[in-house]
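K.L.:
As input, take data06.cif (mmCIF, C-alpha atoms):
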```cif
data_query
#
loop_
_atom_site.label_atom_id
_atom_site.label_comp_id
_atom_site.auth_asym_id
_atom_site.auth_seq_id
_atom_site.Cartn_x
_atom_site.Cartn_y
_atom_site.Cartn_z
CA MET H 127 96.99 104.42 116.61
CA THR H 128 99.10 107.50 117.34
CA PRO H 129 100.52 109.03 114.15
CA PRO H 130 104.33 108.76 114.12
CA VAL H 131 104.78 112.24 112.62
CA ASP H 132 104.46 115.56 114.43
CA LEU H 133 102.35 118.07 112.51
CA SER H 134 101.87 120.53 115.35
CA GLY H 135 100.44 123.82 114.14
CA ARG H 136 100.14 122.79 110.50
CA ARG H 137 96.88 123.78 108.79
CA ILE H 138 95.11 121.01 106.90
CA LEU H 139 91.82 121.25 105.04
CA LEU H 140 89.96 117.97 104.54
CA GLY H 141 87.39 117.80 101.74
CA VAL H 142 84.71 115.09 101.95
CA THR H 143 82.55 114.09 98.98
CA GLY H 144 79.54 111.82 98.59
CA SER H 145 81.10 108.36 98.61
CA ILE H 146 80.19 105.40 100.82
CA ALA H 147 83.80 105.69 102.03
CA ALA H 148 82.99 109.09 103.60
CA TYR H 149 82.93 107.46 107.04
CA LYS H 150 86.66 106.77 106.69
CA ALA H 151 87.27 110.52 106.49
CA CYS H 152 86.51 110.56 110.22
CA GLU H 153 89.59 108.43 110.86
CA ILE H 154 91.67 110.62 108.53
CA ALA H 155 90.61 113.73 110.45
CA ARG H 156 91.38 111.99 113.74
CA LEU H 157 94.91 111.11 112.59
CA PHE H 158 95.62 114.72 111.63
CA VAL H 159 94.28 116.00 114.94
CA LYS H 160 96.30 113.47 116.97
CA ALA H 161 99.42 114.55 115.06
CA GLY H 162 98.86 118.10 116.35
CA ALA H 163 97.52 119.66 113.15
CA ASP H 164 94.77 122.28 112.96
CA VAL H 165 92.09 120.63 110.86
CA ARG H 166 89.09 122.09 109.07
CA VAL H 167 86.56 120.22 106.95
CA VAL H 168 84.56 121.20 103.88
CA MET H 169 81.73 118.90 102.73
CA THR H 170 79.59 118.53 99.64
CA PRO H 171 75.82 118.16 100.09
CA SER H 172 76.14 114.53 98.97
CA ALA H 173 78.74 113.85 101.68
CA GLU H 174 76.29 115.01 104.36
CA ARG H 175 74.00 112.14 103.36
CA PHE H 176 76.66 109.71 104.66
CA VAL H 177 78.28 111.56 107.60
CA SER H 178 76.96 114.57 109.46
CA ALA H 179 78.90 117.82 109.78
CA LEU H 180 78.45 117.51 113.54
CA THR H 181 80.66 114.43 113.55
CA PHE H 182 83.57 116.35 112.05
CA GLU H 183 82.97 119.32 114.35
CA ALA H 184 83.31 116.98 117.32
CA LEU H 185 86.53 115.47 115.92
CA THR H 186 88.23 118.70 114.88
CA ARG H 187 86.71 121.23 117.36
CA GLN H 188 86.21 123.49 114.34
CA PRO H 189 83.03 124.54 112.47
CA VAL H 190 82.52 122.62 109.22
CA LEU H 191 82.13 124.48 105.94
CA THR H 192 78.93 123.37 104.17
CA GLU H 193 76.38 124.96 101.86
CA SER H 194 74.23 125.82 104.86
CA SER H 195 77.00 127.03 107.19
CA GLU H 196 78.97 129.29 104.83
CA SER H 197 79.11 132.81 106.20
CA TRP H 198 80.68 136.05 104.98
CA SER H 199 80.56 137.72 108.39
CA GLY H 200 83.62 135.70 109.42
CA ASP H 201 86.14 133.36 107.81
CA LEU H 202 83.81 130.36 107.35
CA ASN H 203 83.60 130.73 103.58
CA HIS H 204 85.35 129.17 100.61
CA ILE H 205 87.73 132.09 99.98
CA ASP H 206 89.05 132.55 103.52
CA THR H 207 89.17 128.79 104.12
CA ALA H 208 91.24 128.33 100.96
CA LYS H 209 93.64 131.07 102.09
CA TRP H 210 93.94 129.49 105.55
CA ALA H 211 94.97 125.98 104.47
CA GLU H 212 98.56 124.79 103.99
CA ALA H 213 97.44 121.47 102.52
CA PHE H 214 94.11 120.44 101.03
CA VAL H 215 93.23 116.75 100.76
CA ILE H 216 89.96 115.53 99.26
CA ALA H 217 89.24 112.08 100.70
CA PRO H 218 87.18 110.40 99.51
CA ALA H 219 87.08 111.96 96.04
CA THR H 220 84.26 110.64 93.84
CA ALA H 221 84.57 110.22 90.07
CA ASN H 222 82.19 113.16 89.72
CA THR H 223 84.46 115.38 91.82
CA LEU H 224 87.61 114.25 89.98
CA ASN H 225 86.13 115.01 86.56
CA LYS H 226 84.83 118.42 87.61
CA LEU H 227 88.04 119.31 89.44
CA SER H 228 90.19 118.64 86.38
CA LYS H 229 87.97 120.94 84.26
CA GLY H 230 87.81 123.79 86.77
CA ILE H 231 84.10 123.33 87.37
CA ALA H 232 82.96 124.77 90.69
CA ASP H 233 79.28 123.97 91.14
CA ASN H 234 79.46 123.14 94.85
CA LEU H 235 81.21 124.63 97.86
CA LEU H 236 84.03 122.08 97.98
CA LEU H 237 84.93 122.65 94.32
CA GLN H 238 84.70 126.43 94.79
CA THR H 239 87.16 126.11 97.68
CA ALA H 240 89.49 123.99 95.54
CA LEU H 241 89.37 126.57 92.74
CA ALA H 242 90.30 129.32 95.19
CA TYR H 243 93.09 127.26 96.78
CA ALA H 244 96.70 127.80 95.66
CA GLY H 245 98.67 125.27 97.76
CA PRO H 246 99.43 121.54 97.54
CA LEU H 247 96.30 119.59 96.65
CA LEU H 248 95.77 115.84 97.13
CA VAL H 249 92.91 113.63 96.01
CA ALA H 250 92.13 110.10 97.21
CA PRO H 251 89.74 108.52 94.70
CA ALA H 252 86.96 106.22 95.85
CA ALA H 253 84.52 104.98 93.21
CA ASN H 254 83.29 101.97 91.31
CA THR H 255 86.04 100.35 89.24
CA ARG H 256 84.28 101.00 85.93
CA MET H 257 83.73 104.64 86.82
CA LEU H 258 87.43 105.08 87.62
CA ARG H 259 88.52 103.23 84.47
CA ASN H 260 86.21 105.25 82.26
CA HIS H 261 88.38 107.14 79.80
CA TYR H 262 86.93 110.46 80.97
CA THR H 263 87.96 109.78 84.57
CA GLU H 264 91.37 108.42 83.55
CA GLY H 265 91.92 111.55 81.50
CA SER H 266 90.91 113.72 84.44
CA LEU H 267 93.35 111.94 86.75
CA LYS H 268 96.12 112.41 84.19
CA MET H 269 95.30 116.11 83.92
CA LEU H 270 95.30 116.49 87.71
CA ARG H 271 98.73 114.87 87.95
CA VAL H 272 100.11 117.19 85.27
CA ASN H 273 98.77 120.08 87.35
CA ASP H 274 100.84 118.88 90.34
CA VAL H 275 97.89 117.31 92.19
CA THR H 276 98.97 114.30 94.25
CA VAL H 277 96.75 111.26 93.63
CA VAL H 278 96.66 108.82 96.54
CA GLU H 279 96.06 105.61 94.63
CA PRO H 280 92.92 103.59 95.48
CA MET H 281 93.07 100.00 96.71
CA GLU H 282 92.08 96.78 95.00
CA LYS H 283 89.27 95.27 97.07
CA LEU H 284 85.67 94.09 97.17
CA LEU H 285 83.73 97.32 96.76
CA ALA H 286 80.47 98.25 98.45
CA CYS H 287 78.61 97.82 95.14
CA GLY H 288 79.70 94.17 95.00
CA ASP H 289 82.29 94.59 92.24
CA GLU H 290 85.89 93.63 92.92
CA GLY H 291 88.75 95.76 91.69
CA SER H 292 90.42 99.15 92.03
CA GLY H 293 88.36 101.88 93.64
CA GLY H 294 88.56 101.38 97.38
CA LEU H 295 89.70 104.43 99.32
CA ALA H 296 93.36 104.22 100.34
CA GLU H 297 94.04 103.42 103.98
CA PRO H 298 93.64 106.48 106.25
CA LEU H 299 97.25 106.17 107.41
CA GLU H 300 98.50 106.26 103.81
CA ILE H 301 96.44 109.38 103.12
CA PHE H 302 97.88 110.88 106.31
CA TYR H 303 101.44 110.11 105.16
CA GLN H 304 100.92 111.52 101.67
CA THR H 305 99.50 114.73 103.13
CA ALA H 306 102.30 114.99 105.69
CA ARG H 307 104.85 114.63 102.89
CA THR H 308 103.54 117.75 101.14
CA LEU H 309 104.08 119.68 104.39
CA LEU H 310 107.44 118.23 105.42
CA ILE H 311 109.28 118.00 102.09
CA GLU H 312 112.69 119.75 101.94
CA GLU H 313 114.55 120.89 98.84
CA PHE H 314 117.76 119.21 100.02
CA TRP H 315 116.16 115.75 100.15
CA LYS H 316 113.62 116.21 97.37
CA ASP H 317 114.28 113.69 94.56
CA ARG H 318 117.52 112.60 96.21
CA LYS H 319 118.17 108.86 96.08
CA ALA H 320 118.60 107.19 99.46
CA VAL H 321 119.26 103.56 100.36
CA VAL H 322 118.42 102.26 103.85
CA THR H 323 119.14 98.84 105.34
CA GLY H 324 117.32 97.66 108.44
CA GLY H 325 116.63 94.78 110.77
CA GLY H 326 118.82 91.85 111.77
CA THR H 327 119.86 89.33 109.12
CA ARG H 328 118.84 85.69 109.47
CA GLU H 329 121.50 83.12 108.62
CA ALA H 330 119.96 79.73 107.86
CA ILE H 331 120.94 76.65 109.86
CA ASP H 332 118.31 74.50 108.19
CA ALA H 333 114.86 75.01 106.70
CA VAL H 334 113.36 76.18 110.01
CA ARG H 335 116.23 77.40 112.19
CA PHE H 336 118.49 80.40 111.81
CA ILE H 337 121.11 82.52 113.57
CA GLY H 338 119.88 86.06 114.13
CA ASN H 339 119.87 88.98 116.53
CA ARG H 340 117.37 91.12 118.42
CA SER H 341 117.22 94.07 116.02
CA SER H 342 113.59 95.10 115.51
CA GLY H 343 114.17 97.28 112.44
CA LYS H 344 112.19 100.14 114.02
CA MET H 345 115.00 102.70 113.72
CA ALA H 346 115.49 101.84 110.05
CA ASP H 347 111.72 102.08 109.49
CA ALA H 348 111.78 105.55 111.03
CA LEU H 349 114.72 106.60 108.83
CA ALA H 350 113.11 105.32 105.64
CA THR H 351 109.87 107.09 106.57
CA ALA H 352 111.62 110.37 107.45
CA LEU H 353 113.58 110.32 104.18
CA TRP H 354 110.43 109.71 102.16
CA LEU H 355 108.52 112.43 104.03
CA ARG H 356 111.36 114.85 103.26
CA GLY H 357 110.99 114.03 99.57
CA ALA H 358 113.72 111.45 98.96
CA ASP H 359 113.42 108.53 96.55
CA VAL H 360 113.96 105.68 99.03
CA CYS H 361 115.02 102.08 98.49
CA TYR H 362 114.63 100.19 101.74
CA LEU H 363 116.26 96.78 102.27
CA ARG H 364 114.73 95.18 105.35
CA THR H 365 114.71 91.83 107.11
CA VAL H 366 111.80 92.63 109.45
CA VAL H 367 108.38 93.68 108.17
CA ASN H 368 106.76 96.03 110.67
CA PRO H 369 103.31 97.56 110.05
CA GLY H 370 102.73 101.25 109.40
CA LEU H 371 105.32 102.03 106.71
CA PRO H 372 104.23 104.41 103.91
CA ALA H 373 103.15 102.28 100.96
CA SER H 374 105.06 104.45 98.47
CA ILE H 375 108.45 103.49 99.89
CA HIS H 376 110.16 100.95 97.62
CA THR H 377 110.94 98.00 99.89
CA LEU H 378 112.87 94.79 99.33
CA GLU H 379 112.62 91.93 101.82
CA VAL H 380 115.85 90.01 102.39
CA GLU H 381 117.04 87.48 104.95
CA SER H 382 120.76 86.72 104.96
CA ALA H 383 123.83 88.93 104.82
CA GLU H 384 124.74 87.51 101.42
CA GLU H 385 121.27 88.30 100.06
CA MET H 386 121.44 91.81 101.47
CA ALA H 387 124.86 92.34 99.89
CA GLU H 388 123.57 91.19 96.48
CA TYR H 389 120.59 93.56 96.51
CA LEU H 390 122.58 96.39 98.08
CA VAL H 391 124.97 96.47 95.11
CA ASP H 392 122.02 96.89 92.76
CA CYS H 393 120.36 99.54 94.94
CA ILE H 394 123.53 101.63 95.09
CA ARG H 395 124.07 101.30 91.33
CA VAL H 396 120.53 102.58 90.67
CA ALA H 397 120.92 105.35 93.27
CA LYS H 398 123.96 106.72 91.47
CA LYS H 399 121.96 107.17 88.26
CA GLY H 400 119.95 110.04 89.74
CA VAL H 401 116.25 110.79 89.26
CA MET H 402 114.49 111.76 86.04
CA SER H 403 112.77 115.13 86.38
CA ARG H 404 109.00 114.85 86.06
CA PRO H 405 106.66 116.90 83.87
CA SER H 406 104.36 119.33 85.63
CA MET H 407 102.45 122.53 84.96
CA ASN H 408 105.54 124.56 85.85
CA ASN H 409 107.90 122.21 83.99
CA PRO H 410 105.93 120.46 81.21
CA ASN H 411 109.02 118.91 79.62
CA PRO H 412 111.48 116.79 81.62
CA VAL H 413 114.98 118.21 81.43
CA GLY H 414 116.87 115.00 82.17
CA MET H 415 118.35 113.45 85.27
CA ILE H 416 118.41 115.29 88.58
CA GLN H 417 121.87 114.66 90.00
CA LYS H 418 122.10 114.84 93.77
CA THR H 419 124.64 112.90 95.80
CA PRO H 420 122.88 109.73 97.01
CA TYR H 421 122.91 108.63 100.65
CA LEU H 422 123.34 105.22 102.24
CA PHE H 423 122.11 104.58 105.80
CA MET H 424 123.42 101.22 107.03
CA ALA H 425 121.10 100.65 109.98
CA ALA H 426 120.83 96.87 109.59
CA ALA H 427 122.36 94.58 112.19
CA VAL H 428 124.23 92.26 109.84
CA ALA H 429 125.28 88.95 111.38
CA ASP H 430 129.05 88.55 111.69
CA TYR H 431 128.89 84.79 111.08
CA ARG H 432 126.75 82.27 109.24
CA PRO H 433 126.60 78.45 109.33
CA LEU H 434 129.20 76.96 107.03
CA TYR H 435 126.92 74.14 105.91
CA PRO H 436 123.23 75.16 105.97
CA GLN H 437 121.03 72.11 105.64
CA GLU H 438 117.97 71.50 103.52
CA GLY H 439 114.95 70.29 105.44
CA LYS H 440 114.73 70.19 109.23
CA LEU H 441 117.54 68.65 111.28
CA LYS H 442 116.19 66.09 113.76
CA LYS H 443 117.09 66.36 117.43
CA VAL H 444 117.45 62.58 117.77
CA ALA H 445 120.05 62.58 114.98
CA LEU H 446 122.02 65.48 116.47
CA GLY H 447 122.42 64.00 119.94
CA GLU H 448 122.78 65.73 123.29
CA ARG H 449 125.49 68.07 122.01
CA TRP H 450 125.55 69.86 118.72
CA THR H 451 128.57 71.68 117.34
CA LEU H 452 127.69 74.23 114.67
CA GLU H 453 130.55 75.33 112.42
CA LEU H 454 130.38 79.01 111.45
CA VAL H 455 132.14 81.10 108.84
CA GLN H 456 132.56 84.88 108.83
CA ASN H 457 130.20 86.94 106.69
CA PRO H 458 131.67 89.54 104.34
CA ASP H 459 131.86 93.05 105.78
CA LEU H 460 129.30 94.92 103.67
CA LEU H 461 130.68 98.37 104.38
CA LYS H 462 134.14 97.28 103.29
CA THR H 463 133.18 95.25 100.24
CA ILE H 464 130.58 97.39 98.47
CA ASP H 465 131.58 100.28 96.19
CA ARG H 466 130.58 103.45 98.04
CA SER H 467 132.36 105.92 95.80
CA GLY H 468 130.14 108.90 95.04
CA ILE H 469 127.69 108.13 97.85
CA VAL H 470 127.46 109.57 101.37
CA THR H 471 127.47 106.74 103.92
CA VAL H 472 126.14 106.81 107.48
CA ALA H 473 126.88 103.70 109.54
CA PHE H 474 125.13 102.63 112.73
CA LYS H 475 126.86 101.17 115.76
CA ALA H 476 125.04 99.61 118.70
CA GLU H 477 127.11 98.84 121.79
CA THR H 478 126.28 97.40 125.21
CA ASP H 479 129.49 98.66 126.85
CA PRO H 480 128.81 102.17 128.22
CA GLU H 481 132.52 102.85 128.76
CA LYS H 482 134.08 101.75 125.45
CA GLY H 483 131.06 101.94 123.16
CA LEU H 484 131.64 105.52 122.01
CA GLU H 485 135.33 104.85 121.38
CA ASN H 486 134.48 101.77 119.32
CA ALA H 487 132.03 103.83 117.27
CA ARG H 488 134.68 106.49 116.57
CA GLU H 489 137.01 103.81 115.22
CA LEU H 490 134.44 102.91 112.57
CA LEU H 491 135.10 106.17 110.75
CA ASP H 492 138.58 105.08 109.73
CA ALA H 493 138.08 101.31 109.84
CA LYS H 494 135.13 101.37 107.44
CA GLY H 495 135.80 104.66 105.66
CA VAL H 496 132.31 106.02 106.29
CA ASP H 497 131.27 109.67 106.45
CA ALA H 498 129.46 109.43 109.79
CA VAL H 499 128.48 106.98 112.50
CA CYS H 500 125.31 106.93 114.58
CA TYR H 501 126.23 105.38 117.92
CA ASN H 502 123.66 104.21 120.42
CA HIS H 503 124.10 102.47 123.72
CA VAL H 504 121.77 99.48 123.92
CA GLY H 505 120.33 98.96 127.37
CA GLY H 506 117.48 99.82 129.67
CA GLU H 507 114.68 101.73 127.99
CA THR H 508 116.63 102.15 124.74
CA GLY H 509 117.13 98.44 124.15
CA PHE H 510 116.23 96.43 121.08
CA GLY H 511 112.60 96.82 120.10
CA SER H 512 112.01 99.99 122.12
CA ASP H 513 110.08 102.90 120.62
CA GLU H 514 112.63 105.49 121.77
CA ASN H 515 116.33 105.89 121.24
CA ALA H 516 119.24 108.28 121.72
CA VAL H 517 122.28 108.48 119.46
CA THR H 518 125.57 110.30 119.12
CA PHE H 519 126.15 111.47 115.55
CA ILE H 520 129.89 111.19 114.92
CA THR H 521 131.86 112.70 112.03
CA PRO H 522 135.62 113.28 111.70
CA ASP H 523 135.05 116.89 112.83
CA ARG H 524 132.37 116.72 115.50
CA GLU H 525 130.16 114.69 117.81
CA SER H 526 126.53 115.67 118.33
CA LEU H 527 124.40 114.11 121.04
CA LEU H 528 120.81 113.59 119.89
CA GLU H 529 118.80 113.26 123.07
CA ARG H 530 116.42 110.41 123.75
CA ALA H 531 113.23 110.77 121.73
CA PRO H 532 110.70 108.67 119.80
CA LYS H 533 112.53 106.98 116.95
CA GLN H 534 110.59 108.86 114.29
CA THR H 535 111.51 112.20 115.87
CA LEU H 536 115.11 111.03 116.20
CA ALA H 537 115.18 110.02 112.52
CA PHE H 538 114.41 113.60 111.45
CA ALA H 539 117.20 114.84 113.74
CA ILE H 540 119.62 112.37 112.13
CA LEU H 541 118.68 113.66 108.68
CA ASP H 542 119.35 117.22 109.79
CA GLN H 543 122.85 116.15 110.86
CA ALA H 544 123.38 114.11 107.69
CA LYS H 545 122.68 117.11 105.44
CA THR H 546 126.01 118.64 106.47
CA LEU H 547 127.90 115.66 105.00
CA ASP H 548 127.12 116.50 101.38
CA GLY H 549 129.15 119.20 99.71
CA ASP H 550 126.72 119.92 96.88
CA ASP H 551 124.12 121.55 99.21
CA GLY H 552 121.31 119.80 97.36
CA ALA H 553 122.18 121.23 93.96
#
```
Starting from the file, lay out its structure as structure tokens.

P.N.:
Amino acid sequence: MTPPVDLSGRRILLGVTGSIAAYKACEIARLFVKAGADVRVVMTPSAERFVSALTFEALTRQPVLTESSESWSGDLNHIDTAKWAEAFVIAPATANTLNKLSKGIADNLLLQTALAYAGPLLVAPAANTRMLRNHYTEGSLKMLRVNDVTVVEPMEKLLACGDEGSGGLAEPLEIFYQTARTLLIEEFWKDRKAVVTGGGTREAIDAVRFIGNRSSGKMADALATALWLRGADVCYLRTVVNPGLPASIHTLEVESAEEMAEYLVDCIRVAKKGVMSRPSMNNPNPVGMIQKTPYLFMAAAVADYRPLYPQEGKLKKVALGERWTLELVQNPDLLKTIDRSGIVTVAFKAETDPEKGLENARELLDAKGVDAVCYNHVGGETGFGSDENAVTFITPDRESLLERAPKQTLAFAILDQAKTLDGDDGA
């Protein structure tokens, strides 16, 4: 798959250790390269028993740093490589590597490079469950976290050794996302609470039928992903489950407008509480709650009406007859009914009328009392379910046209516009 995030020109160092999961590092490298990043690889001698350095050279078009290739006549050495990298991810990271890394031991080239490296470091453990749960390894992982190392949590699965449990290397896409986050994080969004709604609601007619709409939820997925990559603490209410979302995003699956309204109230209440500061090497003691104005992005296509009398079980066609009259009742207007005091709100408006659509979107500012509206004309190549979109970002003071682009790219542009809505400037 093509990575949804542009990392053009970013410098990523991939460390590979001697785990059976080393072959998956090839896919991780490929994702970084396809995202436009400059990728270099450093391998332990044990890793070369599973995957050859030549494989990574072919994938990255860069020489691989190994015990046999290290040279001091150029920059292919652990000091210059460490200086070059913007992000360093060790995937897979064996229990041996984790324990040595936490103690500052540098008895191979990869660990020497890590010791010389001063930027954001990530580790993706891959080991037998018992080795990971050993108190030495657990202590090492705790120490690494305190030292601001990002741990990409392993998966629960049937391991190569035959045991079942935690220890499987995280999915390559998740490792890609976690690494991208260290490169794309912004102080404005870091630790800021954000609530996103997405997809079209489903209003039950009976146990198998519903009233819905064509919203794919892709724009909301892109917004939730962009917010998380920028460092926000995201709560995502969605009606459509699309693949490829970062696993660390807190998601809640809902169906109807009433269910969305119920969960939305709770999400907003939690968002207004702020985020507890976390201990780290630079800040060993939490100082309390980080208060940044939360954001609400209402990208869901909430149904205007629902069946007045939803039925249990499946209605039979023979009982309904040739004509069937379905009585509907209006759903509550979420933007009008929820308490949005103390939260910046961005509404979304999709229109099929190219002449009056923009005017209708402008009216939302006063009618719903929101801070901004993202208007998009639905039709042609920017219809429901498309991978690209174009929006006009409307505030009481300005209108900014965000040209047609992939939805993930557009989501970052929307966040750049949304930053101007908050008066605290991220403080």

K.L.:
When you look at Gly468 of chain H with a cut-off of 10 Å (counting all atoms listed in the file), what residues show up, excluding the ones that are within fewer than 2 positions of it in the same chain? I need them as an MDAnalysis selection string.

P.N.:
chainID H and resid 394 398 419:421 465:466 470:471

K.L.:
Rounded to one decimal in Å, what is the spacing between atom CA of Asn486 of chain H and atom CA of Gln543 of chain H?

P.N.:
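Computing it gives 20.3 Å between the two atoms.
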
K.L.:
Tell me, in Å to one decimal, how far atom CA of Leu363 of chain H is from atom CA of Leu378 of chain H.

P.N.:
4.9 Å

K.L.:
Report, as AutoDock Vina command-line options, the centre and edge lengths in Å (one decimal) of the axis-aligned box enclosing every listed atom of segment 228-243 of chain H, padded by 6 Å on each side.

P.N.:
```
--center_x 86.2 --center_y 124.0 --center_z 91.1 --size_x 25.8 --size_y 22.7 --size_z 25.7
```

K.L.:
Which residues would end up in the selection if the PyMOL selection byres ((chain H and resi 164-181) around 9) were applied here, given that I need the answer as a compact mmCIF listing (two decimals) with C-alpha atoms, in the frame of the given file?

P.N.:
```txt
# COMPACT_ATOMS: atom_id res chain seq x y z
CA LEU H 133 102.35 118.07 112.51
CA SER H 134 101.87 120.53 115.35
CA GLY H 135 100.44 123.82 114.14
CA ARG H 136 100.14 122.79 110.50
CA ARG H 137 96.88 123.78 108.79
CA ILE H 138 95.11 121.01 106.90
CA LEU H 139 91.82 121.25 105.04
CA LEU H 140 89.96 117.97 104.54
CA GLY H 141 87.39 117.80 101.74
CA VAL H 142 84.71 115.09 101.95
CA THR H 143 82.55 114.09 98.98
CA GLY H 144 79.54 111.82 98.59
CA SER H 145 81.10 108.36 98.61
CA ILE H 146 80.19 105.40 100.82
CA ALA H 147 83.80 105.69 102.03
CA ALA H 148 82.99 109.09 103.60
CA TYR H 149 82.93 107.46 107.04
CA CYS H 152 86.51 110.56 110.22
CA ALA H 155 90.61 113.73 110.45
CA PHE H 158 95.62 114.72 111.63
CA VAL H 159 94.28 116.00 114.94
CA GLY H 162 98.86 118.10 116.35
CA ALA H 163 97.52 119.66 113.15
CA PHE H 182 83.57 116.35 112.05
CA GLU H 183 82.97 119.32 114.35
CA ALA H 184 83.31 116.98 117.32
CA LEU H 185 86.53 115.47 115.92
CA THR H 186 88.23 118.70 114.88
CA ARG H 187 86.71 121.23 117.36
CA GLN H 188 86.21 123.49 114.34
CA PRO H 189 83.03 124.54 112.47
CA VAL H 190 82.52 122.62 109.22
CA LEU H 191 82.13 124.48 105.94
CA THR H 192 78.93 123.37 104.17
CA GLU H 193 76.38 124.96 101.86
CA HIS H 204 85.35 129.17 100.61
CA THR H 207 89.17 128.79 104.12
CA ALA H 211 94.97 125.98 104.47
CA ASN H 234 79.46 123.14 94.85
CA LEU H 235 81.21 124.63 97.86
CA LEU H 236 84.03 122.08 97.98
CA LEU H 237 84.93 122.65 94.32
CA THR H 239 87.16 126.11 97.68
```

K.L.:
Just say which residues the PyMOL selection byres ((chain H and resi 336-346) around 9) picks in this file, as a PDB file with C-alpha atoms, in the frame of the given file.

P.N.:
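Contents of selection18.pdb, as written:
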```pdb
ATOM      1  CA  VAL H 322     118.420 102.260 103.850  1.00  0.00           C
ATOM      2  CA  THR H 323     119.140  98.840 105.340  1.00  0.00           C
ATOM      3  CA  GLY H 324     117.320  97.660 108.440  1.00  0.00           C
ATOM      4  CA  GLY H 325     116.630  94.780 110.770  1.00  0.00           C
ATOM      5  CA  GLY H 326     118.820  91.850 111.770  1.00  0.00           C
ATOM      6  CA  THR H 327     119.860  89.330 109.120  1.00  0.00           C
ATOM      7  CA  ARG H 328     118.840  85.690 109.470  1.00  0.00           C
ATOM      8  CA  GLU H 329     121.500  83.120 108.620  1.00  0.00           C
ATOM      9  CA  ALA H 330     119.960  79.730 107.860  1.00  0.00           C
ATOM     10  CA  ILE H 331     120.940  76.650 109.860  1.00  0.00           C
ATOM     11  CA  ASP H 332     118.310  74.500 108.190  1.00  0.00           C
ATOM     12  CA  ALA H 333     114.860  75.010 106.700  1.00  0.00           C
ATOM     13  CA  VAL H 334     113.360  76.180 110.010  1.00  0.00           C
ATOM     14  CA  ARG H 335     116.230  77.400 112.190  1.00  0.00           C
ATOM     15  CA  ASP H 347     111.720 102.080 109.490  1.00  0.00           C
ATOM     16  CA  ALA H 348     111.780 105.550 111.030  1.00  0.00           C
ATOM     17  CA  LEU H 349     114.720 106.600 108.830  1.00  0.00           C
ATOM     18  CA  ALA H 350     113.110 105.320 105.640  1.00  0.00           C
ATOM     19  CA  THR H 351     109.870 107.090 106.570  1.00  0.00           C
ATOM     20  CA  TYR H 362     114.630 100.190 101.740  1.00  0.00           C
ATOM     21  CA  ARG H 364     114.730  95.180 105.350  1.00  0.00           C
ATOM     22  CA  THR H 365     114.710  91.830 107.110  1.00  0.00           C
ATOM     23  CA  VAL H 366     111.800  92.630 109.450  1.00  0.00           C
ATOM     24  CA  VAL H 367     108.380  93.680 108.170  1.00  0.00           C
ATOM     25  CA  ASN H 368     106.760  96.030 110.670  1.00  0.00           C
ATOM     26  CA  PHE H 423     122.110 104.580 105.800  1.00  0.00           C
ATOM     27  CA  MET H 424     123.420 101.220 107.030  1.00  0.00           C
ATOM     28  CA  ALA H 425     121.100 100.650 109.980  1.00  0.00           C
ATOM     29  CA  ALA H 426     120.830  96.870 109.590  1.00  0.00           C
ATOM     30  CA  ALA H 427     122.360  94.580 112.190  1.00  0.00           C
ATOM     31  CA  VAL H 428     124.230  92.260 109.840  1.00  0.00           C
ATOM     32  CA  ALA H 429     125.280  88.950 111.380  1.00  0.00           C
ATOM     33  CA  TYR H 431     128.890  84.790 111.080  1.00  0.00           C
ATOM     34  CA  ARG H 432     126.750  82.270 109.240  1.00  0.00           C
ATOM     35  CA  PRO H 433     126.600  78.450 109.330  1.00  0.00           C
ATOM     36  CA  PHE H 510     116.230  96.430 121.080  1.00  0.00           C
ATOM     37  CA  GLY H 511     112.600  96.820 120.100  1.00  0.00           C
ATOM     38  CA  SER H 512     112.010  99.990 122.120  1.00  0.00           C
ATOM     39  CA  ASP H 513     110.080 102.900 120.620  1.00  0.00           C
ATOM     40  CA  GLU H 514     112.630 105.490 121.770  1.00  0.00           C
ATOM     41  CA  ASN H 515     116.330 105.890 121.240  1.00  0.00           C
ATOM     42  CA  LYS H 533     112.530 106.980 116.950  1.00  0.00           C
ATOM     43  CA  GLN H 534     110.590 108.860 114.290  1.00  0.00           C
ATOM     44  CA  LEU H 536     115.110 111.030 116.200  1.00  0.00           C
ATOM     45  CA  ALA H 537     115.180 110.020 112.520  1.00  0.00           C
TER      46      ALA H 537
END
```

K.L.:
Pick out the residues sitting within 6 Å of segment 306-315 of chain H, and hand them over as an mmCIF file with C-alpha atoms, in the frame of the given file; count all atoms listed in the file, and ignore anything fewer than 2 positions along from it in its own chain.

P.N.:
```cif
data_model
loop_
_atom_site.group_PDB
_atom_site.id
_atom_site.type_symbol
_atom_site.label_atom_id
_atom_site.label_comp_id
_atom_site.auth_asym_id
_atom_site.auth_seq_id
_atom_site.Cartn_x
_atom_site.Cartn_y
_atom_site.Cartn_z
ATOM 1 C CA TYR H 303 101.440 110.110 105.160
ATOM 2 C CA GLN H 304 100.920 111.520 101.670
ATOM 3 C CA ARG H 318 117.520 112.600 96.210
ATOM 4 C CA LEU H 355 108.520 112.430 104.030
ATOM 5 C CA ARG H 356 111.360 114.850 103.260
ATOM 6 C CA GLY H 357 110.990 114.030 99.570
ATOM 7 C CA ALA H 358 113.720 111.450 98.960
ATOM 8 C CA GLY H 552 121.310 119.800 97.360
#
```

K.L.:
Which residue out of H:Val517, H:Ala320, H:Asp274, H:Lys475 has the minimum interatomic distance to Ile375 of chain H when all atoms listed in the file are used?

P.N.:
H:Ala320

K.L.:
Excluding segment 538-541 of chain H and residues on its chain fewer than 4 positions from it, collect all residues at most 8 Å away from it, counting all atoms listed in the file, and give them as a list in words.

P.N.:
Leu349, Ala352, Leu353, Phe519, Leu528, Gln534 and Lys545 of chain H
